[in-house]
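Everything below concerns the one structure shown next.
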Amino acid sequence: MSLQRLDKLVAASGKYTRSEATAMIRRGEVLVNGAAVRSGAEKFDADRDEILVRGEAIGWKPLRYFIMNKPDGVLSATEDRSETTVIDLLTPELRRLGLAPAGRLDKNSEGLLLLTNDGAFAHRVISPNKMVYKKYYVETEGVLTEEDCRAVEEGIALKDFTTLPGRLEILQLSGPGKAYIFIREGKFHQVRRMLGSRQKPVTYLKRLAIGGLKLDEALAPGQFRELTVEEAEAVFQPE
Ligand code: URA
């Protein structure tokens, strides 16, 4: 194990975000080999140095972030008795990392899927109040109109909740609908339900971006690769 910044090691426990780690380090709540270290930039070896956060050893595990081009027909789940999941598409070595989707896609949706074992990261991706917009390309039955755009912007009252304001950008003004839709929530079947409630049933749905991270079009459906640190951070930047 190599030397790594203390704030990164504490955040890598998966229990704290990077900013929480920084704050705890500053407050002297993180001990390394028995002494408080107040700079997150100091480097240690998690295999050799004893790191205690508020008296508890950090269960260190390497945090990993992957992008997949999810194919149609595969479940965004970690396991299933009868159906293929996105985890089944990984190599046996990667399957042992405890990766899970950060924001699911329906079985018959395609496109950008993030897989990580960083629970705090996944929470930030999913949480609507973190303002991470997800961009989808959508095709519908029926013509999409300005009224549909207004409805998406205002929020659509579904049976169990009203959607937060989103954006619909129509790409084709006649014939079956083709559009980009941007939303920051990810409730079950949300885009399908939003447009279905406008009598524009979705016939095709593909996620193109999460925040500032775009789908890597070089990835064929079912392919994946590890993200760089910059790419993982781009998720929390605007498109
Ligand atoms: N909205 C949906 O309806 N389905 C998805 O897979 C993603 C967003």
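Letters for chains follow the order of the structure tokens (A, B, ...), residue numbers begin at 1 for each chain, and ligand numbers begin at 1 in the order shown.
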Open item on the list: Taking only chain A into account, list the residues labelled alpha helix (DSSP H) by DSSP (computed from the backbone), as number ranges by chain.
Closed with: A: 6-11, 18-26, 92-95, 119-126, 146-154, 190-196, 229-234
All residues having an atom within 7 Å of ligand 1 (only C-alpha atoms and all ligand atoms) as a PDB file with C-alpha atoms, in the first residue's frame:
ATOM      1  CA  ARG A 104     -30.258   2.979 -11.274  1.00  0.00           C
ATOM      2  CA  LEU A 105     -31.550   2.636 -14.794  1.00  0.00           C
ATOM      3  CA  ASP A 106     -34.607   0.567 -15.696  1.00  0.00           C
ATOM      4  CA  SER A 109     -33.057   1.815 -20.325  1.00  0.00           C
ATOM      5  CA  GLY A 186     -34.259   9.491  -9.886  1.00  0.00           C
ATOM      6  CA  PHE A 188     -38.622   4.668  -9.960  1.00  0.00           C
ATOM      7  CA  HIS A 189     -39.471   4.959 -13.679  1.00  0.00           C
ATOM      8  CA  GLN A 190     -39.476   8.719 -13.287  1.00  0.00           C
ATOM      9  CA  VAL A 191     -38.994   9.877 -16.880  1.00  0.00           C
ATOM     10  CA  ARG A 192     -41.350   7.189 -18.184  1.00  0.00           C
ATOM     11  CA  ARG A 193     -43.970   8.225 -15.639  1.00  0.00           C
ATOM     12  CA  LEU A 205     -34.528   6.003 -22.990  1.00  0.00           C
TER      13      LEU A 205
END
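The nearest approach to Ser2 in chain A among the residues A:Asp118, A:Glu42, A:Asp47, A:Glu29, with only C-alpha atoms taken into account, belongs to A:Asp47.
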Write out as an mmCIF file with C-alpha atoms, in the first residue's frame the residues lying within 12 Å of Ala46 in chain A, counting only C-alpha atoms and excluding same-chain residues fewer than 4 positions away.
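The result, written out as selection.cif:
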data_model
loop_
_atom_site.group_PDB
_atom_site.id
_atom_site.type_symbol
_atom_site.label_atom_id
_atom_site.label_comp_id
_atom_site.auth_asym_id
_atom_site.auth_seq_id
_atom_site.Cartn_x
_atom_site.Cartn_y
_atom_site.Cartn_z
ATOM 1 C CA MET A 1 0.000 0.000 0.000
ATOM 2 C CA SER A 2 1.371 3.383 -0.943
ATOM 3 C CA LEU A 3 1.379 6.631 0.957
ATOM 4 C CA GLN A 4 -1.863 8.539 0.611
ATOM 5 C CA ARG A 5 -3.250 11.810 1.952
ATOM 6 C CA LEU A 6 -4.939 11.426 5.320
ATOM 7 C CA ASP A 7 -8.179 13.128 4.229
ATOM 8 C CA LYS A 8 -8.389 10.717 1.297
ATOM 9 C CA LEU A 9 -7.797 7.685 3.508
ATOM 10 C CA VAL A 10 -10.478 8.767 5.994
ATOM 11 C CA ALA A 12 -12.012 6.086 1.635
ATOM 12 C CA SER A 13 -13.540 4.341 4.628
ATOM 13 C CA VAL A 32 -2.408 8.428 13.523
ATOM 14 C CA ASN A 33 -0.205 6.124 15.577
ATOM 15 C CA GLU A 50 -2.874 2.951 12.746
ATOM 16 C CA ILE A 51 -5.568 5.481 11.875
ATOM 17 C CA LEU A 52 -8.365 6.086 14.389
ATOM 18 C CA ALA A 57 -10.182 2.164 13.343
ATOM 19 C CA ILE A 58 -11.158 3.034 9.787
ATOM 20 C CA GLY A 59 -12.203 -0.025 7.865
ATOM 21 C CA TRP A 60 -10.133 0.974 4.881
ATOM 22 C CA LYS A 61 -11.087 -0.307 1.481
ATOM 23 C CA PRO A 62 -9.963 1.129 -1.801
#
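Of the residues under consideration (A:Leu195, A:Ala36, A:Leu113, A:Ala41), A:Leu195 shows the shortest atom-to-atom contact distance to Leu144 in chain A when counting only C-alpha atoms.
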Open item on the list: as a ChimeraX atom specification, please: the residues near Leu158 in chain A (cut-off 9 Å, only C-alpha atoms, same-chain neighbours under 5 positions excluded).
Closed with: /A:163,193-194,197
Open item on the list: Quick one: residues within 8 Å of Val138 in chain A, only C-alpha atoms, excluding same-chain residues fewer than 5 positions away - as a list in words?
Closed with: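 Non-adjacent residues within range: Gly177, Lys178, Ala179, Tyr180, Ile181, Val202, Thr203, Tyr204, Leu205 and Lys206 of chain A.
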TODO: Would you mind listing what lies within 9 Å of Gly73 in chain A as a ChimeraX atom specification, with only C-alpha atoms counted and same-chain residues fewer than 2 positions away left out?
DONE: /A:70-71,75,83-84,106-110
- [ ] From a DSSP calculation on the backbone, collect every residue of range 22-203 of chain A in strand (DSSP E or B) and output the set as a PyMOL selection string.
- [x] chain A and resi 30-32+35-36+43-44+51-53+56-57+65-70+75+85+100-101+110-116+134-140+157+162+167-170+177-183+202-203
Task: Point-to-point distance in Å for CA of Arg27 in chain A and CA of Arg54 in chain A - done: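 About the pair CA of Arg54 in chain A and CA of Arg27 in chain A: they are 10.5 Å apart.
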TODO: Name the residues in contact with Val86 in chain A at a cut-off of 7 Å, using only C-alpha atoms, excluding same-chain residues fewer than 3 positions from it; report them as number ranges by chain.
DONE: A: 74-77, 89
Could you save those same residues with C-alpha atoms as an mmCIF file, in the first residue's frame?
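Dumped everything to result-v7.cif:
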data_model
loop_
_atom_site.group_PDB
_atom_site.id
_atom_site.type_symbol
_atom_site.label_atom_id
_atom_site.label_comp_id
_atom_site.auth_asym_id
_atom_site.auth_seq_id
_atom_site.Cartn_x
_atom_site.Cartn_y
_atom_site.Cartn_z
ATOM 1 C CA VAL A 74 -29.819 -5.956 -17.934
ATOM 2 C CA LEU A 75 -30.869 -5.149 -14.351
ATOM 3 C CA SER A 76 -29.229 -2.285 -12.416
ATOM 4 C CA ALA A 77 -29.002 -4.450 -9.329
ATOM 5 C CA LEU A 89 -20.981 -8.034 -16.618
#
- [ ] In Å, rounded to a single decimal, give me how far CA of Leu171 in chain A is from CA of Ala151 in chain A.
- [x] 16.9 Å
TODO: Identify which of the residues A:Glu239, A:Glu233, A:Glu56, A:Glu226 lies closest to Gly211 in chain A, counting only C-alpha atoms when measuring atom-to-atom distances.
DONE: A:Glu239
Task: Counting only C-alpha atoms, the residue of A:Glu169, A:Asp148, A:Asp216, A:Glu20 that sits nearest Leu112 in chain A - done: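 When distances to Leu112 in chain A are compared using only C-alpha atoms, the smallest one comes from A:Asp216.
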Open item on the list: Given only C-alpha atoms as the basis, pick out the residue of A:Val143, A:Ala35, A:Ile87, A:Val125 nearest to Lys200 in chain A.
Closed with: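 Distance minimum relative to Lys200 in chain A lands on A:Val143.
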Task: Residue with smallest distance to Glu147 in chain A - pool A:Gly175, A:Arg26, A:Lys134, A:Leu168, counting only C-alpha atoms - done: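 Going through A:Gly175, A:Arg26, A:Lys134, A:Leu168 one by one, the smallest distance to Glu147 in chain A is for A:Leu168.
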